[in-house]
Every structure is written in structure tokens, then in C-alpha cells.
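Chemist: Supplied structure: model_35.cif, mmCIF, C-alpha atoms.
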```
data_data
#
loop_
_atom_site.group_PDB
_atom_site.id
_atom_site.type_symbol
_atom_site.label_atom_id
_atom_site.label_comp_id
_atom_site.auth_asym_id
_atom_site.auth_seq_id
_atom_site.Cartn_x
_atom_site.Cartn_y
_atom_site.Cartn_z
ATOM 1 C CA VAL F 1 -16.997 1.197 24.776
ATOM 2 C CA ILE F 2 -13.512 2.636 24.488
ATOM 3 C CA THR F 3 -12.755 6.217 25.463
ATOM 4 C CA CYS F 4 -9.631 8.264 24.877
ATOM 5 C CA THR F 5 -9.743 11.810 26.192
ATOM 6 C CA ASN F 6 -7.121 14.495 25.593
ATOM 7 C CA SER F 7 -4.263 12.044 25.296
ATOM 8 C CA ILE F 8 -3.910 10.967 21.662
ATOM 9 C CA ARG F 9 -1.457 13.814 21.023
ATOM 10 C CA LEU F 10 0.885 12.245 23.591
ATOM 11 C CA PHE F 11 1.074 8.853 21.843
ATOM 12 C CA PRO F 12 4.250 8.323 19.789
ATOM 13 C CA GLN F 13 2.402 6.210 17.170
ATOM 14 C CA ARG F 14 -1.035 7.781 17.010
ATOM 15 C CA VAL F 15 -2.423 5.991 13.966
ATOM 16 C CA ARG F 16 -1.314 2.632 15.319
ATOM 17 C CA ALA F 17 -2.878 3.390 18.720
ATOM 18 C CA ILE F 18 -6.232 4.304 17.168
ATOM 19 C CA ASP F 19 -6.126 1.232 14.923
ATOM 20 C CA GLU F 20 -5.510 -0.914 17.994
ATOM 21 C CA MET F 21 -8.492 0.660 19.752
ATOM 22 C CA HIS F 22 -10.572 -0.147 16.686
ATOM 23 C CA ARG F 23 -9.246 -3.721 16.574
ATOM 24 C CA VAL F 24 -10.322 -4.543 20.123
ATOM 25 C CA LEU F 25 -13.828 -3.127 19.725
ATOM 26 C CA LYS F 26 -16.532 -5.753 19.841
ATOM 27 C CA PRO F 27 -19.155 -5.715 17.075
ATOM 28 C CA ASN F 28 -21.394 -2.676 17.597
ATOM 29 C CA GLY F 29 -18.853 -1.303 20.076
ATOM 30 C CA LYS F 30 -18.127 2.402 20.137
ATOM 31 C CA LEU F 31 -14.929 4.405 20.370
ATOM 32 C CA TYR F 32 -15.165 7.928 21.740
ATOM 33 C CA LEU F 33 -12.054 9.929 20.996
ATOM 34 C CA LEU F 34 -12.029 13.457 22.383
ATOM 35 C CA ASP F 35 -9.121 15.795 21.922
ATOM 36 C CA GLY F 36 -8.707 19.524 22.197
ATOM 37 C CA ILE F 37 -7.813 21.620 19.187
ATOM 38 C CA TYR F 38 -4.978 23.735 20.505
ATOM 39 C CA SER F 39 -3.857 25.198 17.186
ATOM 40 C CA GLU F 40 -4.651 25.057 13.490
ATOM 41 C CA LYS F 41 -1.517 22.941 12.989
ATOM 42 C CA TRP F 42 -2.766 20.316 15.467
ATOM 43 C CA LYS F 43 -6.252 20.428 13.946
ATOM 44 C CA HIS F 44 -4.892 19.557 10.488
ATOM 45 C CA LYS F 45 -2.592 16.906 11.934
ATOM 46 C CA PHE F 46 -5.483 15.341 13.875
ATOM 47 C CA VAL F 47 -7.639 15.174 10.736
ATOM 48 C CA LYS F 48 -4.722 13.596 8.838
ATOM 49 C CA ILE F 49 -4.282 10.990 11.586
ATOM 50 C CA LEU F 50 -7.971 10.095 11.390
ATOM 51 C CA ARG F 51 -7.774 9.687 7.599
ATOM 52 C CA GLN F 52 -4.917 7.195 8.020
ATOM 53 C CA THR F 53 -6.780 4.951 10.458
ATOM 54 C CA LYS F 54 -8.796 1.888 9.541
ATOM 55 C CA PHE F 55 -12.097 3.536 10.446
ATOM 56 C CA ILE F 56 -14.458 3.414 7.529
ATOM 57 C CA GLN F 57 -16.280 6.635 8.391
ATOM 58 C CA PRO F 58 -15.587 8.131 11.768
ATOM 59 C CA ARG F 59 -17.986 10.931 12.578
ATOM 60 C CA LYS F 60 -15.986 13.898 13.766
ATOM 61 C CA LYS F 61 -17.424 17.168 14.830
ATOM 62 C CA TYR F 62 -16.684 20.212 16.857
ATOM 63 C CA LEU F 63 -18.479 20.295 20.138
ATOM 64 C CA PRO F 64 -20.993 23.147 20.474
ATOM 65 C CA ARG F 65 -19.618 26.552 21.452
ATOM 66 C CA SER F 66 -21.704 26.391 24.624
ATOM 67 C CA SER F 67 -19.776 23.301 25.708
ATOM 68 C CA ILE F 68 -16.973 23.646 28.237
ATOM 69 C CA LEU F 69 -14.747 21.848 25.731
ATOM 70 C CA SER F 70 -15.813 23.976 22.764
ATOM 71 C CA LYS F 71 -12.469 23.800 20.969
ATOM 72 C CA SER F 72 -12.412 20.037 20.823
ATOM 73 C CA TYR F 73 -13.079 17.295 18.328
ATOM 74 C CA LEU F 74 -15.296 14.436 19.314
ATOM 75 C CA VAL F 75 -14.807 11.363 17.153
ATOM 76 C CA ILE F 76 -17.308 8.550 17.413
ATOM 77 C CA ALA F 77 -16.545 5.355 15.582
ATOM 78 C CA THR F 78 -18.271 1.984 15.596
ATOM 79 C CA LYS F 79 -17.127 -1.381 14.410
#
```
Mind turning this structure into C-alpha cells?

Modeler:
Amino acid sequence: VITCTNSIRLFPQRVRAIDEMHRVLKPNGKLYLLDGIYSEKWKHKFVKILRQTKFIQPRKKYLPRSSILSKSYLVIATK
């Protein structure tokens, strides 16, 4: 399991960092990437970053409004 919480926006090479996380996953491993959506601009940028990664089909979703982190994306990807 690899987790990355509220830090991907700080990485200078985001796509490369996510691809590296994916590379080191063992078969059937999971990557949990959680990041807050602070603005519409960041939301669109985050989605664009995910499209550029090597993930075949990451499942991204907003967390429920009842969650403490309601304005966040949770991305779950497996290898």
C-alpha cells in the first residue's frame, strides 16, 4: 500500500511522482492518493495530472459531504 495525502500539489514533477508510486507497487498493491480541492483551477489541474499518469483506470471520486475532508479527491489505483 502506498499513501500520499495532501502533498501531491507540492511536488515539482507531479506526473513523474505518481508514475513512480505506480512503478513500485507490487502486483495487487494499492495506491491511495488524497488531495484537497482548494479551487476549480486546482481541480482541473489535478484531473489533468491523473490523465497523464500511467494508471489504466484510477477511480477518483469526491468524498461524501458528511466527511471531514468533503472537498477532496480520493484516488485509488491498483497495479

Chemist: I'd like the residues picked by the PyMOL selection byres ((chain F and resi 2-18) around 6) written out as a list in words, using the chain letters and numbers from the file.

Modeler: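 That selection, the PyMOL selection byres ((chain F and resi 2-18) around 6), comes back as Val1, Asp19, Glu20, Met21, Leu31, Tyr32, Leu33, Leu34, Asp35, Ile49 and Thr53 of chain F.
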
Chemist: Enter the distance from CA of Gly29 (chain F) to CA of Thr78 (chain F), in Å, rounded to one decimal.

Modeler: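 Interatomic distance, CA of Gly29 (chain F) to CA of Thr78 (chain F): 5.6 Å.
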
Chemist: I'd like the interatomic distance between CA of Asn28 (chain F) and CA of Leu74 (chain F), to a tenth of an Å.

Modeler: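 Result for CA of Asn28 (chain F) versus CA of Leu74 (chain F): 18.2 Å, one decimal.
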
Chemist: Distance CA of Lys26 (chain F)-CA of Lys48 (chain F), one decimal place?

Modeler: 25.2 Å

Chemist: With only C-alpha atoms as the atoms that count, which of F:Val24, F:Phe55, F:Ser72, F:Leu50 lies nearest to Gly36 (chain F)?

Modeler: F:Ser72

Chemist: Around all of region 31-35 of chain F's listed atoms, make the axis-aligned box with 4 Å on each side and tell me centre and edge lengths in Å to one decimal, as AutoDock Vina command-line options.

Modeler:
```
--center_x -12.1 --center_y 10.1 --center_z 21.4 --size_x 14.0 --size_y 19.4 --size_z 10.0
```
